[in-house]
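Below: run-v1.txt (compact mmCIF, N, CA and C atoms)
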# COMPACT_ATOMS: atom_id res chain seq x y z
N GLU M 322 55.81 31.57 0.79
CA GLU M 322 54.83 32.53 1.26
C GLU M 322 53.52 31.83 1.61
N VAL M 323 52.82 32.38 2.57
CA VAL M 323 51.53 31.84 2.94
C VAL M 323 50.61 31.92 1.73
N GLY M 324 49.88 30.83 1.48
CA GLY M 324 48.94 30.79 0.38
C GLY M 324 49.53 30.28 -0.92
N LYS M 325 50.83 30.08 -0.97
CA LYS M 325 51.47 29.55 -2.17
C LYS M 325 51.47 28.03 -2.12
N ILE M 326 51.53 27.40 -3.27
CA ILE M 326 51.61 25.95 -3.34
C ILE M 326 53.01 25.51 -2.93
N ALA M 327 53.09 24.49 -2.06
CA ALA M 327 54.38 23.98 -1.62
C ALA M 327 54.35 22.46 -1.69
N ASN M 328 55.01 21.92 -2.68
CA ASN M 328 55.13 20.47 -2.85
C ASN M 328 56.59 20.09 -2.68
N LEU M 329 56.84 18.91 -2.12
CA LEU M 329 58.20 18.49 -1.83
C LEU M 329 58.32 16.99 -2.03
N VAL M 330 59.42 16.58 -2.68
CA VAL M 330 59.76 15.17 -2.84
C VAL M 330 61.10 14.96 -2.15
N VAL M 331 61.16 13.98 -1.22
CA VAL M 331 62.39 13.67 -0.50
C VAL M 331 62.89 12.33 -1.03
N SER M 332 64.16 12.31 -1.45
CA SER M 332 64.74 11.07 -1.98
C SER M 332 66.08 10.79 -1.31
N THR M 333 66.55 9.55 -1.48
CA THR M 333 67.81 9.13 -0.87
C THR M 333 69.03 9.57 -1.66
N GLY M 334 68.83 10.18 -2.79
CA GLY M 334 69.92 10.66 -3.66
C GLY M 334 69.31 11.50 -4.76
N PRO M 335 70.08 11.75 -5.83
CA PRO M 335 69.53 12.53 -6.94
C PRO M 335 68.21 11.91 -7.42
N LEU M 336 67.22 12.72 -7.62
CA LEU M 336 65.85 12.26 -7.88
C LEU M 336 65.75 11.26 -9.01
N LEU M 337 66.48 11.43 -10.09
CA LEU M 337 66.34 10.54 -11.24
C LEU M 337 67.44 9.48 -11.33
N ALA M 338 68.27 9.35 -10.32
CA ALA M 338 69.33 8.34 -10.32
C ALA M 338 68.72 6.95 -10.11
N ASP M 339 69.29 5.93 -10.76
CA ASP M 339 68.77 4.56 -10.66
C ASP M 339 68.74 4.04 -9.22
N SER M 340 69.73 4.42 -8.41
CA SER M 340 69.82 3.88 -7.06
C SER M 340 69.03 4.69 -6.02
N SER M 341 68.46 5.81 -6.41
CA SER M 341 67.71 6.65 -5.46
C SER M 341 66.32 6.09 -5.22
N ARG M 342 65.85 6.31 -4.01
CA ARG M 342 64.48 5.93 -3.65
C ARG M 342 63.77 7.15 -3.11
N ILE M 343 62.51 7.29 -3.44
CA ILE M 343 61.69 8.37 -2.89
C ILE M 343 61.21 7.92 -1.52
N SER M 344 61.50 8.73 -0.50
CA SER M 344 61.13 8.33 0.86
C SER M 344 59.93 9.10 1.40
N ALA M 345 59.60 10.25 0.81
CA ALA M 345 58.43 11.02 1.26
C ALA M 345 57.97 11.96 0.16
N VAL M 346 56.68 12.20 0.12
CA VAL M 346 56.09 13.16 -0.81
C VAL M 346 55.11 14.02 -0.03
N PHE M 347 55.25 15.34 -0.16
CA PHE M 347 54.35 16.29 0.49
C PHE M 347 53.68 17.11 -0.59
N VAL M 348 52.35 17.20 -0.55
CA VAL M 348 51.59 18.02 -1.48
C VAL M 348 50.74 18.98 -0.66
N ASP M 349 50.94 20.26 -0.89
CA ASP M 349 50.25 21.30 -0.11
C ASP M 349 50.43 21.08 1.39
N GLY M 350 51.61 20.62 1.78
CA GLY M 350 51.95 20.45 3.19
C GLY M 350 51.47 19.14 3.80
N GLU M 351 50.75 18.30 3.04
CA GLU M 351 50.26 17.03 3.57
C GLU M 351 51.15 15.90 3.06
N GLN M 352 51.60 15.02 3.97
CA GLN M 352 52.46 13.91 3.58
C GLN M 352 51.62 12.77 3.03
N PHE M 353 52.08 12.19 1.91
CA PHE M 353 51.42 11.05 1.29
C PHE M 353 52.31 9.83 1.39
N GLN M 354 51.68 8.65 1.52
CA GLN M 354 52.41 7.39 1.60
C GLN M 354 53.05 7.09 0.26
N VAL M 355 54.31 6.69 0.30
CA VAL M 355 55.04 6.31 -0.89
C VAL M 355 55.05 4.79 -0.95
N ALA M 356 54.55 4.20 -2.05
CA ALA M 356 54.55 2.75 -2.19
C ALA M 356 55.97 2.23 -2.07
N GLY M 357 56.16 1.23 -1.22
CA GLY M 357 57.48 0.66 -1.03
C GLY M 357 58.36 1.49 -0.12
N GLY M 358 57.84 2.56 0.45
CA GLY M 358 58.63 3.42 1.33
C GLY M 358 58.84 2.76 2.68
N GLU M 359 59.74 3.30 3.46
CA GLU M 359 60.02 2.77 4.78
C GLU M 359 58.84 3.06 5.71
N PRO M 360 58.50 2.10 6.59
CA PRO M 360 57.41 2.36 7.54
C PRO M 360 57.86 3.36 8.60
N ALA M 361 56.89 4.02 9.18
CA ALA M 361 57.18 4.94 10.29
C ALA M 361 57.68 4.12 11.48
N SER M 362 58.30 4.79 12.43
CA SER M 362 58.78 4.11 13.63
C SER M 362 57.67 4.10 14.68
N ALA M 363 57.24 2.90 15.06
CA ALA M 363 56.18 2.77 16.06
C ALA M 363 56.70 2.18 17.36
N ALA M 364 57.94 1.69 17.37
CA ALA M 364 58.49 1.02 18.55
C ALA M 364 58.51 1.98 19.74
N GLY M 365 58.19 1.45 20.91
CA GLY M 365 58.21 2.24 22.13
C GLY M 365 56.96 2.03 22.94
N THR M 366 56.77 2.88 23.93
CA THR M 366 55.61 2.79 24.82
C THR M 366 54.67 3.94 24.52
N TRP M 367 53.40 3.61 24.36
CA TRP M 367 52.36 4.57 23.98
C TRP M 367 51.29 4.62 25.06
N SER M 368 50.80 5.81 25.36
CA SER M 368 49.63 5.99 26.22
C SER M 368 48.43 6.14 25.29
N LEU M 369 47.46 5.23 25.41
CA LEU M 369 46.27 5.25 24.56
C LEU M 369 45.04 5.67 25.35
N THR M 370 44.16 6.39 24.69
CA THR M 370 42.85 6.73 25.26
C THR M 370 41.79 6.31 24.26
N THR M 371 40.91 5.39 24.68
CA THR M 371 39.80 4.94 23.84
C THR M 371 38.53 5.56 24.39
N ASN M 372 37.77 6.20 23.52
CA ASN M 372 36.54 6.88 23.93
C ASN M 372 35.33 6.02 23.60
N SER M 373 34.83 5.29 24.61
CA SER M 373 33.67 4.43 24.43
C SER M 373 32.45 5.10 25.07
N PRO M 374 31.25 4.54 24.85
CA PRO M 374 30.06 5.10 25.50
C PRO M 374 30.15 5.08 27.03
N GLN M 375 30.98 4.18 27.58
CA GLN M 375 31.15 4.11 29.04
C GLN M 375 32.17 5.13 29.54
N GLY M 376 32.76 5.89 28.64
CA GLY M 376 33.75 6.90 29.01
C GLY M 376 35.12 6.56 28.46
N ALA M 377 36.08 7.40 28.80
CA ALA M 377 37.45 7.22 28.32
C ALA M 377 38.13 6.07 29.05
N MET M 378 38.81 5.21 28.29
CA MET M 378 39.56 4.10 28.87
C MET M 378 41.04 4.31 28.55
N GLU M 379 41.86 4.35 29.58
CA GLU M 379 43.29 4.54 29.41
C GLU M 379 43.99 3.19 29.35
N SER M 380 44.95 3.06 28.46
CA SER M 380 45.73 1.83 28.37
C SER M 380 47.15 2.17 27.92
N THR M 381 48.03 1.19 28.06
CA THR M 381 49.43 1.35 27.66
C THR M 381 49.75 0.31 26.60
N LEU M 382 50.28 0.75 25.49
CA LEU M 382 50.67 -0.11 24.39
C LEU M 382 52.19 -0.09 24.30
N THR M 383 52.80 -1.26 24.40
CA THR M 383 54.26 -1.37 24.28
C THR M 383 54.55 -2.14 23.00
N LEU M 384 55.29 -1.50 22.07
CA LEU M 384 55.53 -2.09 20.76
C LEU M 384 57.01 -2.32 20.49
N LEU M 385 57.28 -3.46 19.86
CA LEU M 385 58.58 -3.77 19.27
C LEU M 385 58.34 -3.86 17.77
N GLN M 386 59.26 -3.34 16.98
CA GLN M 386 59.06 -3.29 15.53
C GLN M 386 60.22 -3.98 14.82
N ASP M 387 59.87 -4.84 13.85
CA ASP M 387 60.85 -5.48 12.98
C ASP M 387 60.35 -5.26 11.56
N GLY M 388 60.85 -4.21 10.91
CA GLY M 388 60.36 -3.85 9.58
C GLY M 388 58.92 -3.39 9.66
N THR M 389 58.02 -4.16 9.03
CA THR M 389 56.60 -3.81 9.06
C THR M 389 55.82 -4.62 10.09
N SER M 390 56.49 -5.52 10.83
CA SER M 390 55.83 -6.35 11.84
C SER M 390 55.94 -5.72 13.22
N LEU M 391 54.84 -5.80 13.97
CA LEU M 391 54.79 -5.27 15.33
C LEU M 391 54.41 -6.39 16.29
N THR M 392 55.10 -6.43 17.43
CA THR M 392 54.73 -7.30 18.54
C THR M 392 54.71 -6.45 19.79
N GLY M 393 54.13 -6.96 20.86
CA GLY M 393 54.12 -6.20 22.11
C GLY M 393 52.95 -6.57 22.98
N THR M 394 52.59 -5.65 23.87
CA THR M 394 51.49 -5.88 24.82
C THR M 394 50.59 -4.66 24.91
N LEU M 395 49.34 -4.94 25.24
CA LEU M 395 48.34 -3.91 25.53
C LEU M 395 47.91 -4.14 26.97
N ALA M 396 48.00 -3.09 27.80
CA ALA M 396 47.70 -3.25 29.23
C ALA M 396 46.82 -2.11 29.73
N SER M 397 45.90 -2.46 30.63
CA SER M 397 45.09 -1.45 31.32
C SER M 397 44.69 -2.00 32.68
N ASP M 398 44.32 -1.10 33.58
CA ASP M 398 43.89 -1.53 34.91
C ASP M 398 42.64 -2.40 34.82
N MET M 399 41.76 -2.08 33.88
CA MET M 399 40.48 -2.78 33.76
C MET M 399 40.63 -4.17 33.14
N MET M 400 41.54 -4.31 32.15
CA MET M 400 41.62 -5.55 31.39
C MET M 400 42.91 -6.33 31.61
N GLY M 401 43.83 -5.82 32.41
CA GLY M 401 45.10 -6.51 32.61
C GLY M 401 46.01 -6.32 31.41
N SER M 402 46.96 -7.24 31.23
CA SER M 402 47.93 -7.16 30.14
C SER M 402 47.76 -8.35 29.21
N THR M 403 47.80 -8.08 27.92
CA THR M 403 47.64 -9.14 26.93
C THR M 403 48.56 -8.88 25.74
N PRO M 404 49.10 -9.94 25.13
CA PRO M 404 49.94 -9.72 23.95
C PRO M 404 49.10 -9.27 22.76
N ILE M 405 49.70 -8.46 21.91
CA ILE M 405 49.02 -8.09 20.68
C ILE M 405 49.36 -9.13 19.62
N ARG M 406 48.54 -9.19 18.58
CA ARG M 406 48.82 -10.09 17.46
C ARG M 406 48.46 -9.37 16.16
N ASP M 407 48.94 -9.89 15.07
CA ASP M 407 48.68 -9.34 13.74
C ASP M 407 49.11 -7.87 13.65
N GLY M 408 50.16 -7.49 14.38
CA GLY M 408 50.63 -6.10 14.36
C GLY M 408 51.35 -5.80 13.06
N ARG M 409 50.94 -4.71 12.40
CA ARG M 409 51.52 -4.30 11.12
C ARG M 409 51.62 -2.79 11.06
N ILE M 410 52.65 -2.35 10.33
CA ILE M 410 52.75 -0.94 10.01
C ILE M 410 53.16 -0.83 8.56
N THR M 411 52.41 -0.04 7.81
CA THR M 411 52.69 0.20 6.40
C THR M 411 52.70 1.70 6.22
N GLY M 412 53.88 2.25 6.00
CA GLY M 412 53.99 3.72 5.95
C GLY M 412 53.61 4.27 7.30
N ARG M 413 52.55 5.06 7.34
CA ARG M 413 52.06 5.63 8.61
C ARG M 413 50.84 4.89 9.14
N ARG M 414 50.33 3.91 8.38
CA ARG M 414 49.16 3.15 8.82
C ARG M 414 49.59 2.02 9.75
N ILE M 415 48.86 1.88 10.86
CA ILE M 415 49.21 0.91 11.89
C ILE M 415 47.96 0.11 12.26
N SER M 416 48.17 -1.18 12.58
CA SER M 416 47.04 -2.01 13.02
C SER M 416 47.55 -3.13 13.91
N TRP M 417 46.70 -3.60 14.80
CA TRP M 417 46.98 -4.73 15.67
C TRP M 417 45.68 -5.19 16.31
N SER M 418 45.71 -6.40 16.87
CA SER M 418 44.55 -6.95 17.58
C SER M 418 45.00 -7.45 18.94
N ALA M 419 44.06 -7.54 19.86
CA ALA M 419 44.32 -8.08 21.18
C ALA M 419 43.03 -8.71 21.69
N THR M 420 43.15 -9.88 22.29
CA THR M 420 41.99 -10.53 22.91
C THR M 420 42.03 -10.20 24.39
N VAL M 421 40.93 -9.63 24.88
CA VAL M 421 40.87 -9.19 26.27
C VAL M 421 39.69 -9.87 26.98
N SER M 422 39.78 -9.96 28.30
CA SER M 422 38.70 -10.50 29.11
C SER M 422 38.12 -9.38 29.96
N LEU M 423 36.82 -9.30 29.97
CA LEU M 423 36.13 -8.28 30.75
C LEU M 423 34.81 -8.87 31.24
N GLY M 424 34.63 -8.88 32.54
CA GLY M 424 33.39 -9.41 33.12
C GLY M 424 33.18 -10.88 32.81
N GLY M 425 34.27 -11.64 32.71
CA GLY M 425 34.15 -13.06 32.43
C GLY M 425 33.99 -13.42 30.96
N ASN M 426 33.94 -12.42 30.09
CA ASN M 426 33.82 -12.65 28.65
C ASN M 426 35.10 -12.23 27.94
N SER M 427 35.48 -12.99 26.91
CA SER M 427 36.63 -12.64 26.09
C SER M 427 36.15 -12.10 24.76
N PHE M 428 36.80 -11.06 24.28
CA PHE M 428 36.49 -10.53 22.96
C PHE M 428 37.74 -9.90 22.37
N THR M 429 37.73 -9.75 21.06
CA THR M 429 38.88 -9.22 20.34
C THR M 429 38.68 -7.75 20.03
N LEU M 430 39.72 -6.98 20.32
CA LEU M 430 39.77 -5.57 19.95
C LEU M 430 40.69 -5.46 18.74
N THR M 431 40.23 -4.80 17.68
CA THR M 431 41.04 -4.61 16.48
C THR M 431 41.26 -3.12 16.27
N TYR M 432 42.52 -2.70 16.38
CA TYR M 432 42.89 -1.30 16.26
C TYR M 432 43.41 -1.02 14.85
N THR M 433 42.96 0.07 14.25
CA THR M 433 43.51 0.56 12.99
C THR M 433 43.67 2.07 13.14
N GLY M 434 44.80 2.58 12.68
CA GLY M 434 45.04 4.01 12.84
C GLY M 434 46.16 4.51 11.97
N GLU M 435 46.57 5.72 12.27
CA GLU M 435 47.63 6.37 11.52
C GLU M 435 48.55 7.10 12.48
N LEU M 436 49.85 6.97 12.22
CA LEU M 436 50.86 7.66 13.02
C LEU M 436 51.15 9.03 12.44
N SER M 437 51.45 9.95 13.32
CA SER M 437 51.91 11.28 12.92
C SER M 437 52.94 11.70 13.97
N GLY M 438 54.20 11.37 13.72
CA GLY M 438 55.25 11.67 14.68
C GLY M 438 55.07 10.86 15.95
N THR M 439 54.88 11.55 17.07
CA THR M 439 54.72 10.88 18.36
C THR M 439 53.25 10.73 18.76
N ARG M 440 52.37 10.84 17.79
CA ARG M 440 50.92 10.70 18.05
C ARG M 440 50.33 9.69 17.08
N MET M 441 49.25 9.06 17.52
CA MET M 441 48.48 8.20 16.64
C MET M 441 47.01 8.40 16.94
N GLN M 442 46.20 8.12 15.93
CA GLN M 442 44.75 8.16 16.12
C GLN M 442 44.11 7.18 15.18
N GLY M 443 42.93 6.70 15.57
CA GLY M 443 42.24 5.75 14.72
C GLY M 443 40.98 5.23 15.38
N THR M 444 40.65 3.98 15.05
CA THR M 444 39.42 3.37 15.51
C THR M 444 39.72 1.99 16.08
N VAL M 445 39.04 1.64 17.15
CA VAL M 445 39.14 0.28 17.69
C VAL M 445 37.76 -0.37 17.53
N ALA M 446 37.75 -1.53 16.86
CA ALA M 446 36.52 -2.29 16.66
C ALA M 446 36.44 -3.32 17.78
N ALA M 447 35.30 -3.34 18.48
CA ALA M 447 35.11 -4.23 19.63
C ALA M 447 33.95 -5.19 19.38
N GLY M 448 33.92 -5.80 18.19
CA GLY M 448 32.88 -6.77 17.86
C GLY M 448 31.49 -6.21 17.99
N GLU M 449 30.64 -6.93 18.69
CA GLU M 449 29.23 -6.53 18.84
C GLU M 449 29.06 -5.25 19.65
N PHE M 450 30.12 -4.80 20.33
CA PHE M 450 30.04 -3.57 21.12
C PHE M 450 30.22 -2.32 20.26
N GLY M 451 30.62 -2.49 19.00
CA GLY M 451 30.77 -1.36 18.10
C GLY M 451 32.22 -0.92 17.94
N SER M 452 32.38 0.26 17.36
CA SER M 452 33.71 0.83 17.11
C SER M 452 33.81 2.18 17.80
N PHE M 453 35.02 2.48 18.27
CA PHE M 453 35.24 3.69 19.04
C PHE M 453 36.54 4.36 18.60
N PRO M 454 36.62 5.67 18.68
CA PRO M 454 37.87 6.35 18.34
C PRO M 454 38.90 6.19 19.46
N PHE M 455 40.17 6.16 19.06
CA PHE M 455 41.24 6.15 20.04
C PHE M 455 42.33 7.14 19.60
N THR M 456 43.06 7.62 20.58
CA THR M 456 44.23 8.47 20.34
C THR M 456 45.37 7.91 21.16
N GLY M 457 46.58 8.22 20.75
CA GLY M 457 47.74 7.76 21.48
C GLY M 457 48.88 8.75 21.41
N GLU M 458 49.70 8.74 22.42
CA GLU M 458 50.88 9.59 22.45
C GLU M 458 52.06 8.75 22.93
N LYS M 459 53.17 8.84 22.20
CA LYS M 459 54.36 8.08 22.52
C LYS M 459 55.04 8.70 23.74
N ARG M 460 55.38 7.85 24.69
CA ARG M 460 56.07 8.34 25.89
C ARG M 460 57.56 8.51 25.57
N PRO M 461 58.17 9.51 26.19
CA PRO M 461 59.61 9.72 25.94
C PRO M 461 60.45 8.57 26.47

Just give me the structure of the file as structure tokens.
Amino acid sequence: EVGKIANLVVSTGPLLADSSRISAVFVDGEQFQVAGGEPASAAGTWSLTTNSPQGAMESTLTLLQDGTSLTGTLASDMMGSTPIRDGRITGRRISWSATVSLGGNSFTLTYTGELSGTRMQGTVAAGEFGSFPFTGEKRP
């Protein structure tokens, strides 16, 4: 019923069995990260929008995932295509960096965010230029 407490534990078998693992915990409808749980699936192509003081910047993030490690490329019309590095996913938390060239200068963008199904959101740190929010949607 609406307004009632709803908590849920999802496991791979009987909750108290030695071989069972807890894969998800929901408290009041909000999912919490389970230590040692499987990471979310981030592999695929994502459309990203970064909101900077100069306006929205569209880019494409292509990710390959091996467990908690991420590799791939970040591409935009303004900055070209560059490989990502230090890509990680822990539960629903995701992070990666990319070195880009703009106006003859190179700088590192560091993305940190959280996945929620086919969407992600977070912050991109651009060194001395500051930090900006970004959102992303996974392409089918």

One-decimal distance in Å that lies between atom N of Thr394 of chain M and atom C of Gln375 of chain M = 23.8 Å

How close does segment 351-391 of chain M get to segment 428-450 of chain M? List, as JSON lines, each residue of segment 351-391 of chain M within 8 Å, its nearest atom pair and the distance in Å to one decimal, counting only N, CA and C atoms.
{"residue": "M:Ala361", "atom": "CA", "partner": "M:Leu436", "partner_atom": "CA", "distance": 7.4}
{"residue": "M:Ser362", "atom": "C", "partner": "M:Gly438", "partner_atom": "C", "distance": 7.4}
{"residue": "M:Ala363", "atom": "CA", "partner": "M:Leu436", "partner_atom": "CA", "distance": 7.8}
{"residue": "M:Thr371", "atom": "CA", "partner": "M:Val445", "partner_atom": "N", "distance": 7.5}
{"residue": "M:Asn372", "atom": "N", "partner": "M:Val445", "partner_atom": "N", "distance": 7.9}

Ala377 of chain M surroundings by only C-alpha atoms, 12 Å radius, close-in-sequence under 5 positions cut, as number ranges by chain | M: 369-372, 397, 399, 453-456

Give as a VMD selection string each residue that has an atom at most 5 Å from (59.2, 14.7, -0.4) in the file, counting only N, CA and C atoms.
-> chain M and resid 329 to 331 345 to 347

Using only C-alpha atoms, which of M:Ser373, M:Ala364, M:Thr403, M:Arg409 sits nearest Ser390 of chain M?
-> M:Arg409

Two-atom distance - atom CA of Arg460 of chain M, atom N of Leu385 of chain M (Å) |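 Taking atom CA of Arg460 of chain M and atom N of Leu385 of chain M, their separation equals 13.3 Å.
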
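Coordinates place atom CA of Gly408 of chain M at a distance of 12.9 Å from atom CA of Thr420 of chain M.
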
For Glu458 of chain M, which residue out of M:Gln352, M:Ile410, M:Thr366, M:Pro374 is the nearest one, using only N, CA and C atoms?
->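 Closest candidate: M:Thr366.
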
Hey, which of M:Ser416, M:Gly393, M:Gly457, M:Asn328 ends up closest to Glu379 of chain M? Count only C-alpha atoms.
->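 Residue with the minimum atom-to-atom distance to Glu379 of chain M: M:Gly457.
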